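> Contents of model-v4.txt (compact mmCIF, C-alpha atoms) are below:
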```
# COMPACT_ATOMS: atom_id res chain seq x y z
CA MET A 1 119.16 68.07 112.05
CA ARG A 2 121.86 65.61 113.04
CA GLU A 3 123.89 68.03 115.15
CA ARG A 4 122.82 70.90 117.36
CA ILE A 5 122.56 74.26 115.57
CA THR A 6 125.19 76.66 116.89
CA SER A 7 124.89 79.67 114.58
CA VAL A 8 122.11 81.44 112.66
CA GLU A 9 123.15 84.29 110.34
CA VAL A 10 120.63 86.50 108.55
CA PHE A 11 121.36 88.45 105.35
CA LEU A 12 119.35 90.92 103.31
CA PHE A 13 119.71 90.36 99.56
CA GLU A 14 119.07 93.48 97.49
CA ARG A 15 119.92 94.00 93.84
CA PRO A 16 118.80 96.96 91.72
CA ARG A 17 116.97 96.39 88.45
CA ASP A 18 116.82 98.54 85.33
CA THR A 19 113.10 97.78 85.04
CA ALA A 20 110.88 96.75 87.92
CA TYR A 21 109.12 93.38 87.87
CA LEU A 22 105.90 93.76 85.82
CA GLY A 23 107.32 96.92 84.26
CA ALA A 24 107.92 100.54 85.19
CA PRO A 25 105.25 102.24 87.33
CA GLY A 26 102.32 103.43 85.25
CA ALA A 27 100.42 106.70 85.40
CA ASP A 28 97.67 105.13 87.51
CA GLU A 29 100.09 103.53 89.98
CA VAL A 30 101.39 104.89 93.27
CA ALA A 31 105.08 104.91 94.14
CA ILE A 32 105.94 104.54 97.83
CA GLY A 33 109.27 106.28 98.11
CA GLU A 34 112.00 104.71 96.02
CA ARG A 35 111.36 101.12 97.14
CA TYR A 36 107.81 100.16 96.19
CA VAL A 37 105.00 100.63 93.71
CA VAL A 38 101.33 99.82 94.24
CA ARG A 39 100.05 98.22 91.03
CA GLY A 40 96.82 99.63 89.71
CA PHE A 41 95.37 96.38 88.40
CA ASN A 42 95.21 94.66 91.79
CA GLY A 43 96.24 97.13 94.52
CA THR A 44 99.24 95.03 95.57
CA VAL A 45 102.57 96.52 96.60
CA TYR A 46 105.65 95.31 94.69
CA PRO A 47 109.33 96.14 95.24
CA LEU A 48 111.23 98.06 92.58
CA ILE A 49 114.35 95.93 93.14
CA ASP A 50 115.14 92.23 93.64
CA ARG A 51 115.04 91.47 97.34
CA SER A 52 114.92 88.45 99.67
CA ILE A 53 116.16 87.23 103.04
CA VAL A 54 118.93 84.64 103.18
CA VAL A 55 119.98 82.57 106.18
CA ARG A 56 123.05 80.46 106.88
CA LEU A 57 122.99 77.83 109.61
CA ARG A 58 126.00 76.15 111.13
CA ASP A 59 125.85 73.07 113.31
CA ALA A 60 128.20 71.72 115.97
CA SER A 61 130.24 69.88 113.34
CA GLY A 62 130.84 73.11 111.40
CA ALA A 63 128.60 72.10 108.49
CA GLU A 64 126.57 74.81 106.76
CA GLY A 65 123.06 74.96 105.35
CA TRP A 66 121.60 77.80 103.29
CA GLY A 67 117.98 78.97 103.11
CA GLU A 68 115.99 81.87 101.71
CA THR A 69 112.55 83.41 101.99
CA TYR A 70 110.50 86.37 100.87
CA GLY A 71 111.80 89.82 101.75
CA LEU A 72 109.86 91.75 99.14
CA VAL A 73 108.17 94.14 101.57
CA ALA A 74 109.21 95.11 105.13
CA PRO A 75 111.99 92.51 105.25
CA ARG A 76 113.09 93.42 108.75
CA ALA A 77 109.80 92.06 110.07
CA VAL A 78 110.89 88.60 108.94
CA MET A 79 114.44 89.13 110.13
CA GLU A 80 113.33 90.11 113.61
CA ILE A 81 111.15 87.00 113.98
CA ILE A 82 114.18 84.89 113.12
CA ARG A 83 116.61 86.78 115.34
CA ASP A 84 114.36 87.34 118.36
CA LEU A 85 112.50 84.02 118.49
CA PHE A 86 113.38 81.28 116.04
CA ALA A 87 117.18 81.48 116.12
CA PRO A 88 117.61 81.20 119.91
CA TYR A 89 115.00 78.46 120.14
CA LEU A 90 116.58 76.56 117.25
CA GLU A 91 119.93 76.71 119.01
CA ALA A 92 118.31 75.34 122.18
CA LEU A 93 116.58 72.41 120.48
CA PRO A 94 118.12 68.93 120.44
CA PRO A 95 118.92 67.42 117.03
CA MET A 96 115.84 66.19 115.16
CA ASP A 97 114.58 65.77 111.62
CA PRO A 98 113.71 68.97 109.68
CA GLY A 99 110.00 68.21 109.67
CA GLU A 100 109.98 67.75 113.45
CA THR A 101 111.90 71.00 113.81
CA TRP A 102 109.38 72.80 111.62
CA ASP A 103 106.56 71.53 113.84
CA ALA A 104 108.36 72.69 116.99
CA LEU A 105 108.98 76.19 115.65
CA TYR A 106 105.45 76.48 114.25
CA ALA A 107 103.97 75.50 117.62
CA LEU A 108 105.54 78.51 119.35
CA GLN A 109 102.87 80.96 118.12
CA ARG A 110 100.04 78.92 116.60
CA ASN A 111 97.85 79.16 119.69
CA ARG A 112 98.05 82.96 119.41
CA GLY A 113 96.78 82.84 115.84
CA TYR A 114 100.16 83.37 114.14
CA TRP A 115 100.33 80.61 111.56
CA GLY A 116 101.07 82.44 108.32
CA GLY A 117 102.41 85.69 106.98
CA TYR A 118 105.79 86.93 108.05
CA LEU A 119 106.10 84.27 110.74
CA ALA A 120 105.70 81.43 108.24
CA ASP A 121 108.09 83.11 105.81
CA ALA A 122 110.73 83.30 108.53
CA LEU A 123 110.17 79.62 109.25
CA ALA A 124 110.47 78.78 105.53
CA ALA A 125 113.99 80.20 105.33
CA LEU A 126 115.16 78.17 108.31
CA ASP A 127 113.40 75.04 107.08
CA ILE A 128 115.17 75.18 103.72
CA ALA A 129 118.52 75.60 105.48
CA LEU A 130 117.75 72.71 107.83
CA TRP A 131 116.89 70.41 104.94
CA ASP A 132 120.06 71.54 103.15
CA LEU A 133 122.08 70.60 106.25
CA HIS A 134 120.18 67.35 106.71
CA ALA A 135 120.67 66.18 103.14
CA ARG A 136 124.32 67.21 103.00
CA ALA A 137 125.04 65.41 106.26
CA GLY A 138 123.71 62.23 104.67
CA GLY A 139 125.63 62.82 101.43
CA GLN A 140 122.32 63.16 99.58
CA SER A 141 120.63 65.57 97.25
CA LEU A 142 117.42 67.11 98.55
CA GLN A 143 115.35 65.03 96.14
CA ALA A 144 117.01 61.88 97.48
CA ALA A 145 116.30 62.94 101.06
CA LEU A 146 112.66 63.36 100.00
CA GLY A 147 112.56 59.86 98.51
CA ARG A 148 113.45 60.40 94.84
CA PRO A 149 117.20 59.85 94.32
CA GLY A 150 119.06 60.76 91.17
CA PRO A 151 119.23 63.64 88.71
CA GLY A 152 116.29 64.64 86.55
CA GLU A 153 114.56 67.27 84.47
CA LEU A 154 111.46 69.41 84.92
CA PRO A 155 109.59 71.05 82.04
CA ALA A 156 109.62 74.82 82.38
CA TYR A 157 107.00 77.35 81.37
CA VAL A 158 107.90 80.89 80.39
CA SER A 159 106.42 83.35 82.89
CA GLY A 160 105.54 86.74 81.48
CA LEU A 161 106.18 88.47 78.18
CA PRO A 162 107.35 91.92 79.33
CA ALA A 163 107.28 93.77 76.02
CA PRO A 164 105.50 97.14 75.69
CA ASP A 165 103.03 96.13 72.96
CA ARG A 166 101.27 93.07 71.59
CA ALA A 167 103.54 92.73 68.58
CA GLY A 168 106.57 92.71 70.86
CA ARG A 169 105.00 90.15 73.18
CA ILE A 170 104.18 87.84 70.28
CA GLU A 171 107.71 88.18 68.97
CA MET A 172 109.09 87.34 72.42
CA ALA A 173 106.79 84.30 72.72
CA GLU A 174 107.86 83.08 69.29
CA ARG A 175 111.54 83.37 70.26
CA TRP A 176 110.98 81.27 73.37
CA ALA A 177 109.03 78.73 71.33
CA ALA A 178 111.91 78.53 68.86
CA ASP A 179 114.20 77.82 71.83
CA GLY A 180 112.10 74.78 72.78
CA PHE A 181 109.68 76.23 75.35
CA ASP A 182 106.15 75.02 74.64
CA ALA A 183 104.29 76.76 77.48
CA VAL A 184 103.80 80.38 78.52
CA LYS A 185 101.87 82.31 81.18
CA ILE A 186 100.81 85.91 80.71
CA PRO A 187 99.65 88.32 83.44
CA ILE A 188 96.54 90.40 82.86
CA SER A 189 98.74 93.51 83.15
CA HIS A 190 100.59 92.65 79.91
CA THR A 191 97.69 93.09 77.49
CA GLU A 192 96.39 95.78 75.18
CA ASN A 193 94.06 97.95 77.29
CA GLY A 194 93.08 94.96 79.42
CA ASP A 195 91.94 92.88 76.45
CA VAL A 196 92.86 89.47 77.84
CA PRO A 197 90.86 87.39 75.30
CA GLY A 198 92.40 89.34 72.43
CA GLU A 199 95.88 88.77 73.82
CA VAL A 200 95.36 85.03 74.17
CA GLU A 201 93.75 84.82 70.73
CA ALA A 202 96.76 86.54 69.17
CA LEU A 203 99.20 84.29 71.00
CA ARG A 204 97.25 81.20 69.99
CA ALA A 205 97.32 82.25 66.33
CA ALA A 206 101.07 82.85 66.50
CA LEU A 207 102.09 79.81 68.56
CA GLY A 208 99.74 77.17 67.17
CA PRO A 209 97.21 74.79 68.68
CA ASP A 210 99.61 72.71 70.77
CA HIS A 211 101.32 75.51 72.69
CA ARG A 212 100.12 75.81 76.30
CA ILE A 213 98.95 79.32 77.25
CA ALA A 214 97.99 80.20 80.84
CA VAL A 215 96.70 83.46 82.30
CA ASP A 216 97.64 84.93 85.68
CA MET A 217 94.56 86.85 86.85
CA HIS A 218 96.35 88.42 89.84
CA TRP A 219 93.34 88.23 92.20
CA ALA A 220 91.69 91.10 90.31
CA TYR A 221 88.18 89.67 89.64
CA THR A 222 84.96 88.71 91.33
CA ALA A 223 83.86 85.12 90.89
CA GLU A 224 81.31 86.13 88.27
CA GLU A 225 83.84 88.19 86.33
CA ALA A 226 86.38 85.36 86.43
CA ILE A 227 83.85 82.84 85.13
CA ALA A 228 82.86 85.24 82.34
CA LEU A 229 86.50 85.72 81.38
CA GLY A 230 86.96 81.95 81.36
CA ALA A 231 84.05 81.63 78.94
CA ALA A 232 85.54 84.32 76.69
CA LEU A 233 88.89 82.51 76.69
CA ALA A 234 87.43 79.05 76.06
CA PRO A 235 87.63 79.23 72.21
CA HIS A 236 91.40 79.77 72.57
CA ASP A 237 91.97 76.66 74.71
CA PRO A 238 93.74 78.11 77.77
CA TRP A 239 96.04 75.79 79.70
CA PHE A 240 94.96 77.12 83.11
CA LEU A 241 93.80 80.29 84.82
CA GLU A 242 95.57 81.38 87.99
CA ALA A 243 94.60 83.36 91.10
CA PRO A 244 91.30 84.87 89.89
CA VAL A 245 89.72 86.19 93.09
CA ALA A 246 90.63 87.40 96.60
CA PRO A 247 93.02 84.77 97.96
CA GLU A 248 91.19 84.25 101.25
CA ASP A 249 87.77 83.71 99.64
CA VAL A 250 87.52 79.92 99.48
CA GLU A 251 83.85 79.98 98.46
CA ALA A 252 84.56 82.24 95.48
CA GLN A 253 87.51 80.09 94.45
CA ALA A 254 85.31 77.00 94.50
CA ARG A 255 82.63 78.75 92.40
CA VAL A 256 85.22 79.79 89.84
CA ALA A 257 86.74 76.31 89.68
CA ALA A 258 83.29 74.83 89.04
CA GLY A 259 82.46 77.42 86.39
CA LEU A 260 85.61 77.42 84.28
CA PRO A 261 86.13 75.40 81.08
CA CYS A 262 89.80 74.88 82.01
CA PRO A 263 91.76 74.07 85.21
CA LEU A 264 92.08 76.63 87.99
CA ALA A 265 95.48 77.01 89.64
CA LEU A 266 95.94 78.30 93.19
CA GLY A 267 98.54 78.31 95.91
CA GLU A 268 101.35 80.82 95.54
CA GLU A 269 100.27 82.65 98.71
CA TRP A 270 99.81 79.51 100.82
CA ARG A 271 102.18 78.79 103.68
CA THR A 272 100.99 75.41 104.94
CA ASP A 273 98.81 72.45 104.11
CA TRP A 274 96.22 74.05 106.40
CA ASP A 275 95.73 76.62 103.61
CA TYR A 276 95.16 73.88 101.06
CA ARG A 277 92.88 71.60 103.06
CA PRO A 278 89.64 73.66 102.87
CA ARG A 279 90.23 74.23 99.16
CA ALA A 280 90.87 70.55 98.56
CA ALA A 281 87.62 69.76 100.36
CA ARG A 282 85.75 72.18 98.08
CA ASN A 283 87.53 71.07 94.85
CA ALA A 284 88.59 74.69 94.51
CA CYS A 285 91.56 74.01 92.24
CA ALA A 286 92.87 71.35 89.88
CA ILE A 287 96.46 72.66 90.00
CA VAL A 288 98.41 73.54 93.15
CA GLN A 289 101.27 76.04 92.97
CA PRO A 290 103.32 75.86 96.17
CA GLU A 291 105.81 78.73 96.48
CA MET A 292 108.97 77.56 98.20
CA GLY A 293 109.72 81.04 99.52
CA HIS A 294 106.52 80.80 101.59
CA THR A 295 106.26 77.09 102.37
CA GLY A 296 109.79 75.92 102.93
CA ILE A 297 110.53 72.32 102.04
CA THR A 298 108.51 70.65 104.81
CA GLN A 299 105.24 72.31 103.86
CA PHE A 300 105.96 72.14 100.13
CA ALA A 301 106.22 68.37 100.51
CA ARG A 302 103.09 68.15 102.67
CA ILE A 303 101.04 70.23 100.24
CA ALA A 304 102.33 68.16 97.32
CA LYS A 305 101.46 64.90 99.08
CA LEU A 306 97.91 66.08 99.73
CA ALA A 307 97.60 67.29 96.14
CA THR A 308 98.68 63.89 94.84
CA GLU A 309 96.13 62.18 97.07
CA ARG A 310 93.44 64.52 95.72
CA GLY A 311 94.43 63.98 92.08
CA ALA A 312 95.57 67.58 91.59
CA ASP A 313 98.55 68.53 89.43
CA ILE A 314 101.61 70.19 90.98
CA ILE A 315 103.13 73.16 89.14
CA PRO A 316 105.30 75.12 91.59
CA HIS A 317 105.28 78.90 91.61
CA ALA A 318 108.60 80.70 91.41
CA THR A 319 109.24 84.13 92.78
CA ILE A 320 112.98 84.67 92.53
CA GLY A 321 115.24 86.38 95.02
CA LEU A 322 118.85 85.29 95.03
CA GLY A 323 117.66 81.86 93.88
CA LEU A 324 118.30 79.56 96.83
CA PHE A 325 114.61 78.86 97.40
CA MET A 326 114.27 78.31 93.67
CA ALA A 327 116.99 75.65 93.86
CA ALA A 328 115.06 73.96 96.68
CA SER A 329 111.80 74.24 94.75
CA LEU A 330 113.18 72.50 91.69
CA ARG A 331 114.50 69.57 93.71
CA ALA A 332 111.39 69.29 95.88
CA GLY A 333 109.26 69.59 92.73
CA LEU A 334 111.19 66.78 91.09
CA ALA A 335 110.71 64.61 94.18
CA ALA A 336 106.98 65.41 94.27
CA GLY A 337 106.37 64.52 90.62
CA ALA A 338 105.60 68.06 89.48
CA GLY A 339 104.48 68.26 85.89
CA CYS A 340 106.09 71.63 85.19
CA HIS A 341 107.80 74.53 86.98
CA GLU A 342 107.55 78.27 86.51
CA PHE A 343 110.54 79.94 84.81
CA GLN A 344 110.87 83.63 85.67
CA HIS A 345 113.12 84.30 82.72
CA SER A 346 113.57 88.01 83.43
CA ILE A 347 115.06 87.25 86.87
CA TYR A 348 116.29 83.65 87.06
CA GLY A 349 119.43 83.67 84.95
CA ARG A 350 120.55 87.08 86.18
CA ASN A 351 120.59 86.06 89.83
CA ALA A 352 121.43 82.40 89.31
CA ALA A 353 124.77 83.70 88.06
CA LEU A 354 125.42 84.70 91.69
CA LEU A 355 125.12 81.07 92.82
CA GLU A 356 127.36 78.06 92.56
CA GLY A 357 125.37 75.03 91.39
CA ALA A 358 122.18 76.69 90.12
CA ALA A 359 120.15 74.54 87.72
CA VAL A 360 120.34 75.34 84.02
CA CYS A 361 117.12 76.07 82.14
CA GLU A 362 117.43 75.47 78.41
CA SER A 363 115.25 74.14 75.60
CA GLY A 364 112.17 74.21 77.79
CA ARG A 365 113.57 72.20 80.71
CA PHE A 366 115.39 72.63 83.99
CA THR A 367 118.28 70.19 84.38
CA ILE A 368 118.55 69.12 88.03
CA ASP A 369 121.74 67.53 89.31
CA ASP A 370 122.09 65.00 92.12
CA THR A 371 124.62 67.05 94.09
CA PRO A 372 124.27 67.31 97.89
CA GLY A 373 121.57 69.36 99.59
CA ILE A 374 119.67 71.99 97.65
CA GLY A 375 122.61 72.05 95.25
CA ALA A 376 123.30 75.77 95.35
CA VAL A 377 125.30 78.14 97.56
CA PRO A 378 126.10 81.84 97.16
CA ALA A 379 129.13 82.46 94.97
CA PRO A 380 131.68 85.07 96.08
CA ASP A 381 130.07 87.69 93.81
CA ALA A 382 126.76 87.28 95.65
CA PHE A 383 128.15 88.90 98.77
CA ALA A 384 128.25 92.26 97.00
CA PHE A 385 124.44 92.15 97.32
CA LEU A 386 124.15 90.43 100.71
CA THR A 387 124.16 92.52 103.88
CA ARG A 388 124.59 90.62 107.13
CA ILE A 389 122.16 91.87 109.77
CA ASP A 390 123.90 92.18 113.13
CA ASP A 391 121.68 94.71 114.91
```
Turn this file's structure into structure tokens for me.

Amino acid sequence: MRERITSVEVFLFERPRDTAYLGAPGADEVAIGERYVVRGFNGTVYPLIDRSIVVRLRDASGAEGWGETYGLVAPRAVMEIIRDLFAPYLEALPPMDPGETWDALYALQRNRGYWGGYLADALAALDIALWDLHARAGGQSLQAALGRPGPGELPAYVSGLPAPDRAGRIEMAERWAADGFDAVKIPISHTENGDVPGEVEALRAALGPDHRIAVDMHWAYTAEEAIALGAALAPHDPWFLEAPVAPEDVEAQARVAAGLPCPLALGEEWRTDWDYRPRAARNACAIVQPEMGHTGITQFARIAKLATERGADIIPHATIGLGLFMAASLRAGLAAGAGCHEFQHSIYGRNAALLEGAAVCESGRFTIDDTPGIGAVPAPDAFAFLTRIDD
């Protein structure tokens, strides 16, 4: 930051959906009030609405920077970390670069064992806003501030085919292919009675040999089960398999990576390069998927740098809230040389319409401008869904 931070505002973004992400709750799934559902296929809690936490920083010159992080579950936990600890410390710090600021904020609790989770998410929101301020102050786009000036494009892959049956999913995939998208990822939850090989086989027959088809395994398998599924999918030439086993089990991840006939992708739950390092040492994945809502820009860039050094591909993950961290992810991904970026088609366009400057995704590619900062700010209509937290 080039000027001292004088103001930190925190907003809760909430927007109802007609259909929850990954579909309406099933008979074997548990609703928690009107806010959450626990999915039967992996035991994870998901919100029934779109939700994130947005921050706005102002510095002594009056300039603004916007950031965003996860607020899917218990968002006030993240808000309180920002308001009680990070915001007053940030306002007390002298001006410094965003990476140095990230290190200073991270150091506050690391020796107590708090280096991930809600604390890191809170830090991610502020880090994105600090980079936005930093780049705008220099009249640069984020990608230029990260060493890659100019506009560009990133290939996009279609994430999810949320139709109720296989015929509908194939029809949806064919429509996206006709629109120029040559890659798709399906979750194990969108299959006929859990028949993942049959689903991929049907998609392969419909889309042809050159279409890239990935499978999100949603942490639902043991290492042995994941390897067996990989063998069953091998005749259908999967692009990659994602998140097969418990996310903290590095040994199992390494066993799966060694036993698959295709690349293994990991990383959406990582917060820092410390999460990646033991996996890099064990060759536990060939593709890294940093999620900007967890990493912020500083750690996204550090993870990407380490991945490049290790010869791993970079394909960022993309949970979507309002879309500010998605805007940062696209620009940081472009700067990092990402080969592709996730396109959450059921969410992205809907909420990107609430932003000024959001990247367009058409014909299989995101078009990324060279405008200042992360390139996006909330439009006036966004504030109908943003609640400022003052208490």
> I need the residue nearest Trp274 of chain A from this list: A:Pro209, A:Phe300, A:Ala177, A:Ala63. Use all atoms listed in the file for the distance.
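Of A:Pro209, A:Phe300, A:Ala177, A:Ala63, the one nearest Trp274 of chain A, counting all atoms listed in the file, is A:Phe300.
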> So, counting all atoms listed in the file, which residue among A:Ala318, A:Ile213, A:Leu260, A:Ala246 is closest to Thr44 of chain A?
A:Ala246
> Considering all atoms listed in the file, can you say which of A:Leu241, A:Val78, A:Leu72, A:Leu12 comes closest to Tyr36 of chain A?
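Answer, going by the shortest atom-to-atom distance: A:Leu72.
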> Could you check which of A:Leu229, A:Ala137, A:Ala327, A:Ile303 is closest to Gly194 of chain A, using all atoms listed in the file?
A:Leu229
> From the options A:Pro316, A:Pro75, A:Pro16, A:Gly116, which residue's atoms come nearest to Cys340 of chain A, counting all atoms listed in the file?
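Ranking A:Pro316, A:Pro75, A:Pro16, A:Gly116 by distance to Cys340 of chain A, first place goes to A:Pro316.
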> Give the answer as one residue: which of A:Glu153, A:Trp239, A:Ile188, A:Leu108 has the shortest atom-to-atom distance to Val360 of chain A, using only C-alpha atoms?
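Distance minimum relative to Val360 of chain A lands on A:Glu153.
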> Using only C-alpha atoms - which residues lie no farther than 6 Å from the point (95.1, 91.2, 91.0) in the file's frame? Write them as a list in words.
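Result, sorted by chain then residue number: Phe41, Asn42, His218, Trp219 and Ala220 of chain A.
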> Every residue with an atom at most 7 Å from (106.6, 76.4, 78.1) (file coordinates; only C-alpha atoms) is what I'm after, so could you write them as a PyMOL selection string?
chain A and resi 156-158+181-184+212+364
> What is the distance, in Å and to one decimal place, between atom CA of Ala307 of chain A and atom CA of Arg136 of chain A?
27.6 Å
> Which value, in Å to one decimal, gives the distance between atom CA of Ala173 of chain A and atom CA of Leu203 of chain A?
7.8 Å
> Some atoms are missing, so please complete segment 39-66 of chain A with N, CA and C atoms and return it as a PDB file, in the coordinates of the input.

```pdb
ATOM      1  N   ARG A  39     100.537  98.462  92.390  1.00  0.00           N
ATOM      2  CA  ARG A  39     100.050  98.220  91.030  1.00  0.00           C
ATOM      3  C   ARG A  39      98.553  98.518  90.942  1.00  0.00           C
ATOM      4  N   GLY A  40      98.190  99.207  89.881  1.00  0.00           N
ATOM      5  CA  GLY A  40      96.820  99.630  89.710  1.00  0.00           C
ATOM      6  C   GLY A  40      95.851  98.508  89.439  1.00  0.00           C
ATOM      7  N   PHE A  41      96.301  97.430  88.809  1.00  0.00           N
ATOM      8  CA  PHE A  41      95.370  96.380  88.400  1.00  0.00           C
ATOM      9  C   PHE A  41      94.914  95.498  89.544  1.00  0.00           C
ATOM     10  N   ASN A  42      95.672  95.495  90.671  1.00  0.00           N
ATOM     11  CA  ASN A  42      95.210  94.660  91.790  1.00  0.00           C
ATOM     12  C   ASN A  42      95.474  95.264  93.169  1.00  0.00           C
ATOM     13  N   GLY A  43      96.034  96.468  93.241  1.00  0.00           N
ATOM     14  CA  GLY A  43      96.240  97.130  94.520  1.00  0.00           C
ATOM     15  C   GLY A  43      97.323  96.525  95.388  1.00  0.00           C
ATOM     16  N   THR A  44      98.180  95.704  94.816  1.00  0.00           N
ATOM     17  CA  THR A  44      99.240  95.030  95.570  1.00  0.00           C
ATOM     18  C   THR A  44     100.541  95.809  95.479  1.00  0.00           C
ATOM     19  N   VAL A  45     101.281  95.848  96.578  1.00  0.00           N
ATOM     20  CA  VAL A  45     102.570  96.520  96.600  1.00  0.00           C
ATOM     21  C   VAL A  45     103.660  95.570  96.106  1.00  0.00           C
ATOM     22  N   TYR A  46     104.516  96.066  95.232  1.00  0.00           N
ATOM     23  CA  TYR A  46     105.650  95.310  94.690  1.00  0.00           C
ATOM     24  C   TYR A  46     106.928  96.107  94.902  1.00  0.00           C
ATOM     25  N   PRO A  47     108.060  95.421  95.126  1.00  0.00           N
ATOM     26  CA  PRO A  47     109.330  96.140  95.240  1.00  0.00           C
ATOM     27  C   PRO A  47     109.825  96.561  93.854  1.00  0.00           C
ATOM     28  N   LEU A  48     110.639  97.592  93.831  1.00  0.00           N
ATOM     29  CA  LEU A  48     111.230  98.060  92.580  1.00  0.00           C
ATOM     30  C   LEU A  48     112.597  97.437  92.333  1.00  0.00           C
ATOM     31  N   ILE A  49     113.066  96.612  93.274  1.00  0.00           N
ATOM     32  CA  ILE A  49     114.350  95.930  93.140  1.00  0.00           C
ATOM     33  C   ILE A  49     114.142  94.453  93.471  1.00  0.00           C
ATOM     34  N   ASP A  50     115.153  93.630  93.190  1.00  0.00           N
ATOM     35  CA  ASP A  50     115.140  92.230  93.640  1.00  0.00           C
ATOM     36  C   ASP A  50     115.539  92.212  95.114  1.00  0.00           C
ATOM     37  N   ARG A  51     114.774  91.461  95.906  1.00  0.00           N
ATOM     38  CA  ARG A  51     115.040  91.470  97.340  1.00  0.00           C
ATOM     39  C   ARG A  51     114.555  90.161  97.963  1.00  0.00           C
ATOM     40  N   SER A  52     115.332  89.626  98.892  1.00  0.00           N
ATOM     41  CA  SER A  52     114.920  88.450  99.670  1.00  0.00           C
ATOM     42  C   SER A  52     115.732  88.416 100.953  1.00  0.00           C
ATOM     43  N   ILE A  53     115.422  87.444 101.791  1.00  0.00           N
ATOM     44  CA  ILE A  53     116.160  87.230 103.040  1.00  0.00           C
ATOM     45  C   ILE A  53     116.832  85.873 102.970  1.00  0.00           C
ATOM     46  N   VAL A  54     118.108  85.841 103.263  1.00  0.00           N
ATOM     47  CA  VAL A  54     118.930  84.640 103.180  1.00  0.00           C
ATOM     48  C   VAL A  54     119.428  84.284 104.574  1.00  0.00           C
ATOM     49  N   VAL A  55     119.441  83.012 104.898  1.00  0.00           N
ATOM     50  CA  VAL A  55     119.980  82.570 106.180  1.00  0.00           C
ATOM     51  C   VAL A  55     121.063  81.517 105.959  1.00  0.00           C
ATOM     52  N   ARG A  56     122.022  81.510 106.861  1.00  0.00           N
ATOM     53  CA  ARG A  56     123.050  80.460 106.880  1.00  0.00           C
ATOM     54  C   ARG A  56     123.078  79.868 108.288  1.00  0.00           C
ATOM     55  N   LEU A  57     122.894  78.557 108.355  1.00  0.00           N
ATOM     56  CA  LEU A  57     122.990  77.830 109.610  1.00  0.00           C
ATOM     57  C   LEU A  57     124.317  77.098 109.681  1.00  0.00           C
ATOM     58  N   ARG A  58     124.852  77.024 110.875  1.00  0.00           N
ATOM     59  CA  ARG A  58     126.000  76.150 111.130  1.00  0.00           C
ATOM     60  C   ARG A  58     125.645  75.246 112.301  1.00  0.00           C
ATOM     61  N   ASP A  59     126.093  73.982 112.196  1.00  0.00           N
ATOM     62  CA  ASP A  59     125.850  73.070 113.310  1.00  0.00           C
ATOM     63  C   ASP A  59     127.150  72.802 114.065  1.00  0.00           C
ATOM     64  N   ALA A  60     127.063  71.956 115.083  1.00  0.00           N
ATOM     65  CA  ALA A  60     128.200  71.720 115.970  1.00  0.00           C
ATOM     66  C   ALA A  60     129.392  71.101 115.245  1.00  0.00           C
ATOM     67  N   SER A  61     129.144  70.474 114.106  1.00  0.00           N
ATOM     68  CA  SER A  61     130.240  69.880 113.340  1.00  0.00           C
ATOM     69  C   SER A  61     130.916  70.899 112.417  1.00  0.00           C
ATOM     70  N   GLY A  62     130.323  72.096 112.309  1.00  0.00           N
ATOM     71  CA  GLY A  62     130.840  73.110 111.400  1.00  0.00           C
ATOM     72  C   GLY A  62     130.193  73.099 110.035  1.00  0.00           C
ATOM     73  N   ALA A  63     129.283  72.159 109.789  1.00  0.00           N
ATOM     74  CA  ALA A  63     128.600  72.100 108.490  1.00  0.00           C
ATOM     75  C   ALA A  63     127.644  73.276 108.337  1.00  0.00           C
ATOM     76  N   GLU A  64     127.423  73.675 107.060  1.00  0.00           N
ATOM     77  CA  GLU A  64     126.570  74.810 106.760  1.00  0.00           C
ATOM     78  C   GLU A  64     125.338  74.380 105.969  1.00  0.00           C
ATOM     79  N   GLY A  65     124.248  75.103 106.175  1.00  0.00           N
ATOM     80  CA  GLY A  65     123.060  74.960 105.350  1.00  0.00           C
ATOM     81  C   GLY A  65     122.521  76.335 105.018  1.00  0.00           C
ATOM     82  N   TRP A  66     122.073  76.499 103.771  1.00  0.00           N
ATOM     83  CA  TRP A  66     121.600  77.800 103.290  1.00  0.00           C
ATOM     84  C   TRP A  66     120.092  77.749 103.044  1.00  0.00           C
TER      85      TRP A  66
END
```
